[in-house]
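Novice: I have a structure here, written as structure tokens, and I will follow up with some questions on it.
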Amino acid sequence: MRYDLDDLRLFLDIVTEGSITAGARRMHLSLPSASARVRSLEQQAGVELLIRGRRGVRPTPAGTTLARHAREVLAQTVRLESAVASYTRSPTAPLTLLGGGSAVHRLVPQALVTFLRAHPDIDVRVFERRTPQIVRMLSDGEADLGIVLDDEARDCGLTMQPLGDDSLVVVGQAGGILSGRTSVTYSEAAEHPLVGLDPDASLRRWIERHVGPHAPVVRYRTTVANLNVLVALAAAGVGLAIVPRRVIDPAQPLDVCDLQDPWARRHHVLAWGTTTGPPTPATQSLADHLRRASVTESGVVGRRGEVA
């Protein structure tokens with residue numbers, strides 16, 4: 001009897017979560033599709049595998065046995081894929097790192113400086129992507145590492161570790177309309193002319209999705225593609241700007257206010273894919289350099305916050 005590996009992964013997720021709905025979410029499936037696959041698995045096994053209740057599901061004795069063997073099969077599959085990949089992938093093949101706009105702006109460059117100096121034989125390709133795209137590419141084995149936002153990557157099935165704060169702030173010209181303020185709401189900031197990122201920028205789209213359709217209408221004096229340019233325009237008094245705190249140069253004269261809205265509290269998470277087995281030593285090293293760069297940045301952000 002042969003079982004589909006994806007069906008086994010789905011069944012394990014359901015058993016782990018105690019819910020077909022939660023298991024389907026982890027596999028990026030609809031509930032009807034997940035339910036149909038579980039029924040097909042039970043028909044193939046010839047016995048019931050789950051006890052369904054109002055508060056979720058739990059495995060039958062047969063389901064418990066299947067889950068135990070499924071874990072062994074999937075672990076062996078990962079080891080097999082990793083062993084084969086070691087022959088098909090060149091040791092000098094470039095690593096692929098994905099991240100959103102704020103991560104690519106400062107955190108990634110700082111980590112690359114130390115990593116590339118320490119590993120002269122390893123190249124790194126960096127691409128800016130939104131969190132849902134990063135999750136998909138990591139899940140499909142199209143990238144080695146990704147920096148994602150925690151609220152958009154929960155229950156995605158990837159291996160993840162906290163990386164640092166990426167909360168949003170409002171910045172403006174020193175001594176300008178933000179002078180004396182420590183925090184403002186999005187609605188308050190939108191009462192003034194803003195400078196912003198281009199409409200297709202990942203941060204701009206993230207903000208617009210979270211403020212919702214009933215947000216105040218914003219007057220953008222101009223939009224740009226680069227966060228450096230955006231902060232420079234705000235510092236020159238062209239308009240206020242909403243940016244991640246971590247992208248601000250501590251030496252730049254600016255008034256900085258926390259953005260009070262709950263959605264402005266964001267955190268970066270470092271994520272690995274799961275289809276190619278354990279991370280390679282090179283990938284592990286790049287992750288270490290990213291974590292160290294994040295710790296360095298956090299210290300700068302903290303000191304900047306004290307000055308502000």
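In the structure tokens, chains take letters A, B, ... by order of appearance, with residues numbered from 1 within each chain and ligands from 1 in the order shown.
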Which residues in region 123-281 of chain A does DSSP call strand (DSSP E)? List them as an MDAnalysis selection string.
Specialist: chainID A and resid 124:128 145:149 159:165 168:173 183:184 194:197 220:224 241:244 254:259 267:272
Novice: DSSP says helix (DSSP H, G or I) for which residues of region 24-263 of chain A? Put them as a VMD selection string?
Specialist: chain A and resid 24 to 26 31 to 45 61 to 88 101 to 118 131 to 139 150 to 153 186 to 189 202 to 211 227 to 235 245 to 247 262 to 263
Novice: Just want the 10 Å neighbourhood of Gly157 (chain A), counted on only C-alpha atoms, with same-chain residues fewer than 3 positions away dropped. Output as an mmCIF file with N, CA and C atoms, in the first residue's frame.
Specialist:
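part16.cif, written as the output of this step:
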```
data_model
loop_
_atom_site.group_PDB
_atom_site.id
_atom_site.type_symbol
_atom_site.label_atom_id
_atom_site.label_comp_id
_atom_site.auth_asym_id
_atom_site.auth_seq_id
_atom_site.Cartn_x
_atom_site.Cartn_y
_atom_site.Cartn_z
ATOM 1 N N ASP A 13 -0.220 17.181 10.263
ATOM 2 C CA ASP A 13 -0.574 18.546 10.664
ATOM 3 C C ASP A 13 -1.915 18.560 11.392
ATOM 4 N N GLY A 23 -5.045 22.138 10.237
ATOM 5 C CA GLY A 23 -4.141 21.363 9.393
ATOM 6 C C GLY A 23 -4.198 21.804 7.945
ATOM 7 N N ARG A 25 -4.940 24.788 6.935
ATOM 8 C CA ARG A 25 -4.282 26.097 6.849
ATOM 9 C C ARG A 25 -2.767 25.935 6.742
ATOM 10 N N ARG A 26 -2.212 25.013 7.491
ATOM 11 C CA ARG A 26 -0.763 24.810 7.449
ATOM 12 C C ARG A 26 -0.307 24.280 6.101
ATOM 13 N N MET A 27 -1.183 23.558 5.419
ATOM 14 C CA MET A 27 -0.841 23.022 4.098
ATOM 15 C C MET A 27 -1.325 23.914 2.967
ATOM 16 N N HIS A 28 -1.908 25.078 3.341
ATOM 17 C CA HIS A 28 -2.429 26.022 2.338
ATOM 18 C C HIS A 28 -3.507 25.369 1.470
ATOM 19 N N VAL A 135 7.028 33.081 1.714
ATOM 20 C CA VAL A 135 6.571 31.808 2.276
ATOM 21 C C VAL A 135 6.395 30.764 1.185
ATOM 22 N N SER A 139 8.651 27.412 0.752
ATOM 23 C CA SER A 139 7.942 26.125 0.796
ATOM 24 C C SER A 139 8.220 25.294 -0.443
ATOM 25 N N ALA A 153 3.128 35.119 8.657
ATOM 26 C CA ALA A 153 3.785 33.837 8.410
ATOM 27 C C ALA A 153 3.440 32.782 9.446
ATOM 28 N N ARG A 154 2.468 33.070 10.308
ATOM 29 C CA ARG A 154 2.092 32.081 11.324
ATOM 30 C C ARG A 154 1.456 30.853 10.678
ATOM 31 N N MET A 160 11.103 28.716 11.803
ATOM 32 C CA MET A 160 11.279 30.152 11.974
ATOM 33 C C MET A 160 11.921 30.488 13.310
ATOM 34 N N ALA A 271 13.151 32.735 8.352
ATOM 35 C CA ALA A 271 12.466 31.494 7.983
ATOM 36 C C ALA A 271 13.316 30.663 7.031
ATOM 37 N N TRP A 272 13.240 29.341 7.214
ATOM 38 C CA TRP A 272 13.895 28.371 6.337
ATOM 39 C C TRP A 272 12.824 27.559 5.612
ATOM 40 N N GLY A 273 13.172 27.059 4.443
ATOM 41 C CA GLY A 273 12.295 26.125 3.758
ATOM 42 C C GLY A 273 12.369 24.750 4.400
ATOM 43 N N THR A 274 11.442 23.882 4.019
ATOM 44 C CA THR A 274 11.374 22.554 4.637
ATOM 45 C C THR A 274 11.539 21.415 3.629
#
```
Novice: Could you check the closest approach to Leu197 (chain A) for each of A:Leu138, A:Val247, A:Val57, A:Ile242 and tell me which residue wins, using only C-alpha atoms?
Specialist: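 With only C-alpha atoms as the atom set, the closest residue is A:Ile242.
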Novice: Write out as a list in words the residues lying within 7 Å of region 91-105 of chain A, counting only C-alpha atoms and excluding same-chain residues fewer than 3 positions away.
Specialist: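 Close residues of region 91-105 of chain A: Val108, Pro109, Asp121, Ile122, Asp123, Val124, Arg125, Val126, Phe127, Glu128, Arg129, Arg130, Thr131, Ile134, Ala143, Asp144, Leu145, Gly146, Ile147, Val148, Ser202, Leu203, Pro244 and Val247 of chain A.
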Novice: Find the spatial neighbours of Leu233 (chain A), counting only C-alpha atoms, within a cut-off of 10 Å - ignore same-chain residues fewer than 4 positions away - and output them as a list in words.
Specialist: Gly172, Gln173, Leu194, Val195, Gly196, Thr222, Val224, Leu227, Asn228, Val229, Gly237, Val238, Gly239, Leu240 and Ala241 of chain A
Novice: How far is it from CA of Leu168 (chain A) to CA of Asp261 (chain A), in Å with one decimal?
Specialist: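 We find that CA of Leu168 (chain A) and CA of Asp261 (chain A) lie 9.4 Å from each other.
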Novice: I'd like the interatomic distance between CA of Leu290 (chain A) and CA of Leu163 (chain A), to a tenth of an Å.
Specialist: 8.1 Å
